[in-house]
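Below is one structure, written out as structure tokens; the observations come after it.
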Amino acid sequence: MSQKITELTAELVTPIVAEAGLELVDVEFAKEGKNWFLRVFIDSEKGVDIDECGLVSEKLSEKLDEIDPIEQPYFLEVSSPGVERPLKKPEDVKKAIGKNVHMKLYEAINGEKAFEGLLKDFDGETVTLEIKVKTAVRKVEFPYSKVASARLAVVF
């Protein structure tokens with residue numbers, strides 16, 4: 001059910017977001033405690049402000065009210081993905097070259113399933129990270145097909 005709702009929401013919101021000159025980053029439908037939340041994450045090269053989030057929320061809410069696809073009560077939230085935005089598509093990973101990322105893999109490489117480091121390269125198939133281990137720096141390469149999740153990482 002959650003997947004159908006997220007797919008339908010993505011379908012409904014994509015033209016709204018495109019018309020506003022924005023990008024759809026992700027859609028989530030999740031239960032937290034007693035409440036359901038439909039979360040839509042949007043972004044642009046310059047970031048997004050509260051007015052843009054409000055506009056997308058208003059237009060999407062109208063569309064959802066028309067077809068009423070969600071049986072239970074829920075809260076609609078439209079926001080920026082934040083500084084640790086998810087990297088959902090290969091294009092997102094390409095844009096992140098030169099930035100710090102956190103990636104989790106489906107299966108371990110040399111006993112590790114999670115990596116955080118500088119994204120040095122991505123050719124569409126192979127991910128190259130530069131990882132700091134104590135005082136040394138090592139290069140790690142793995143197929144993009146092994147990436148379970150990826151996001152930008154903030155380094156302090």
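Letters for chains follow the order of the structure tokens (A, B, ...), residue numbers begin at 1 for each chain, and ligand numbers begin at 1 in the order shown.
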Contacts of segment 115-119 of chain A within 7 Å, only C-alpha atoms, excl. fewer than 5 positions in-chain, as a PyMOL selection string: chain A and resi 96-104+128-132
Spatial neighbours of Glu52 of chain A, 10 Å, only C-alpha atoms, chain gap at least 5 places, as number ranges by chain: A: 17, 20-22, 42-43, 47, 57-58, 78-80
Contact residues around Glu19 of chain A with only C-alpha atoms at 12 Å, ignoring same-chain residues under 3 positions, as a ChimeraX atom specification: /A:13-16,22-24,52,55-56,59
With C-alpha atoms retained, export the selected residues as a CSV table (one decimal), in the first residue's frame.
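What landed in out_8.csv:
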```csv
chain,number,residue,atom,x,y,z
A,13,VAL,CA,3.5,16.1,-7.9
A,14,THR,CA,6.1,15.8,-10.7
A,15,PRO,CA,4.3,18.2,-13.1
A,16,ILE,CA,3.6,20.6,-10.2
A,22,LEU,CA,12.0,22.5,-8.9
A,23,GLU,CA,13.0,18.9,-8.7
A,24,LEU,CA,11.3,16.0,-6.9
A,52,GLU,CA,7.9,27.2,-2.8
A,55,LEU,CA,2.8,26.4,-3.2
A,56,VAL,CA,3.7,22.7,-4.0
A,59,LYS,CA,-1.4,22.3,-5.4
```
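DSSP secondary structure from the backbone places A:Thr14, A:Pro15, A:Ile16, A:Val17, A:Ala18, A:Glu19, A:Ile50, A:Asp51, A:Glu52 of segment 14-52 of chain A in helix (DSSP H, G or I).
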Export, as a compact mmCIF listing (two decimals), in the first residue's frame, the selected residues with N, CA and C atoms.
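To be explicit, this is the file written out as part-v2.txt:
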```txt
# COMPACT_ATOMS: atom_id res chain seq x y z
N THR A 14 4.99 15.49 -9.72
CA THR A 14 6.06 15.77 -10.70
C THR A 14 5.74 16.96 -11.60
N PRO A 15 4.55 17.04 -12.24
CA PRO A 15 4.28 18.22 -13.07
C PRO A 15 4.18 19.52 -12.26
N ILE A 16 3.70 19.44 -11.04
CA ILE A 16 3.60 20.62 -10.18
C ILE A 16 5.00 21.16 -9.88
N VAL A 17 5.88 20.26 -9.52
CA VAL A 17 7.26 20.62 -9.18
C VAL A 17 7.98 21.16 -10.42
N ALA A 18 7.81 20.50 -11.55
CA ALA A 18 8.46 20.93 -12.80
C ALA A 18 7.99 22.32 -13.20
N GLU A 19 6.70 22.57 -13.07
CA GLU A 19 6.13 23.88 -13.42
C GLU A 19 6.74 25.00 -12.55
N ILE A 50 10.30 28.48 1.95
CA ILE A 50 9.01 28.08 2.52
C ILE A 50 7.84 28.38 1.58
N ASP A 51 7.96 29.46 0.80
CA ASP A 51 6.88 29.80 -0.14
C ASP A 51 6.75 28.74 -1.23
N GLU A 52 7.89 28.25 -1.73
CA GLU A 52 7.85 27.20 -2.76
C GLU A 52 7.26 25.91 -2.18
```
Distance of atom CA of Val48 of chain A from atom CA of Val27 of chain A, expressed in Å to one decimal place: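 Atom CA of Val48 of chain A lies at a distance of 16.1 Å from atom CA of Val27 of chain A.
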Best match for closeness to Asp68 of chain A among A:Val40, A:Glu45, A:Lys94, A:Leu8, counting only C-alpha atoms: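 Among the listed residues, the smallest separation from Asp68 of chain A belongs to A:Leu8.
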Residue list (strand (DSSP E), DSSP) for chain A, as a ChimeraX atom specification: /A:23-32,35-43,75-79,100-109,112-122,126-133,136-143,147-152
Pick from A:Glu91, A:Phe75, A:Ser44, A:Glu141 nearest to Glu32 of chain A, counting only C-alpha atoms: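 Going through A:Glu91, A:Phe75, A:Ser44, A:Glu141 one by one, the smallest distance to Glu32 of chain A is for A:Phe75.
Atom CA of Asp26 of chain A lies 8.1 Å from atom CA of Pro81 of chain A.
Distance check against Ile70 of chain A using only C-alpha atoms: of A:Ala30, A:Ile5, A:Leu87, A:Leu152, the minimum falls on A:Ile5.
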Separation of atom CA of Arg151 of chain A from atom CA of Tyr74 of chain A, in Å and rounded to one decimal: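 Distance reported for this atom pair: 26.4 Å.
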Near-Glu77 of chain A list (9 Å; only C-alpha atoms; drop same-chain fewer than 6 positions) as a PDB file with N, CA and C atoms, in the first residue's frame:
```pdb
ATOM      1  N   PHE A  37       2.173   9.958   7.766  1.00  0.00           N
ATOM      2  CA  PHE A  37       2.751  11.152   7.151  1.00  0.00           C
ATOM      3  C   PHE A  37       3.054  10.879   5.684  1.00  0.00           C
ATOM      4  N   LEU A  38       2.614  11.782   4.821  1.00  0.00           N
ATOM      5  CA  LEU A  38       2.983  11.755   3.407  1.00  0.00           C
ATOM      6  C   LEU A  38       3.977  12.892   3.237  1.00  0.00           C
ATOM      7  N   ARG A  39       5.243  12.530   3.015  1.00  0.00           N
ATOM      8  CA  ARG A  39       6.308  13.528   2.922  1.00  0.00           C
ATOM      9  C   ARG A  39       6.816  13.619   1.490  1.00  0.00           C
ATOM     10  N   VAL A  40       6.902  14.838   1.013  1.00  0.00           N
ATOM     11  CA  VAL A  40       7.398  15.117  -0.329  1.00  0.00           C
ATOM     12  C   VAL A  40       8.615  16.022  -0.170  1.00  0.00           C
ATOM     13  N   PHE A  41       9.740  15.590  -0.727  1.00  0.00           N
ATOM     14  CA  PHE A  41      10.975  16.366  -0.635  1.00  0.00           C
ATOM     15  C   PHE A  41      11.286  16.971  -1.997  1.00  0.00           C
ATOM     16  N   CYS A  53       7.653  25.573  -0.956  1.00  0.00           N
ATOM     17  CA  CYS A  53       7.096  24.377  -0.305  1.00  0.00           C
ATOM     18  C   CYS A  53       5.591  24.531  -0.121  1.00  0.00           C
ATOM     19  N   SER A  57       2.718  22.226  -1.788  1.00  0.00           N
ATOM     20  CA  SER A  57       1.812  21.568  -0.848  1.00  0.00           C
ATOM     21  C   SER A  57       0.352  21.867  -1.186  1.00  0.00           C
TER      22      SER A  57
END
```
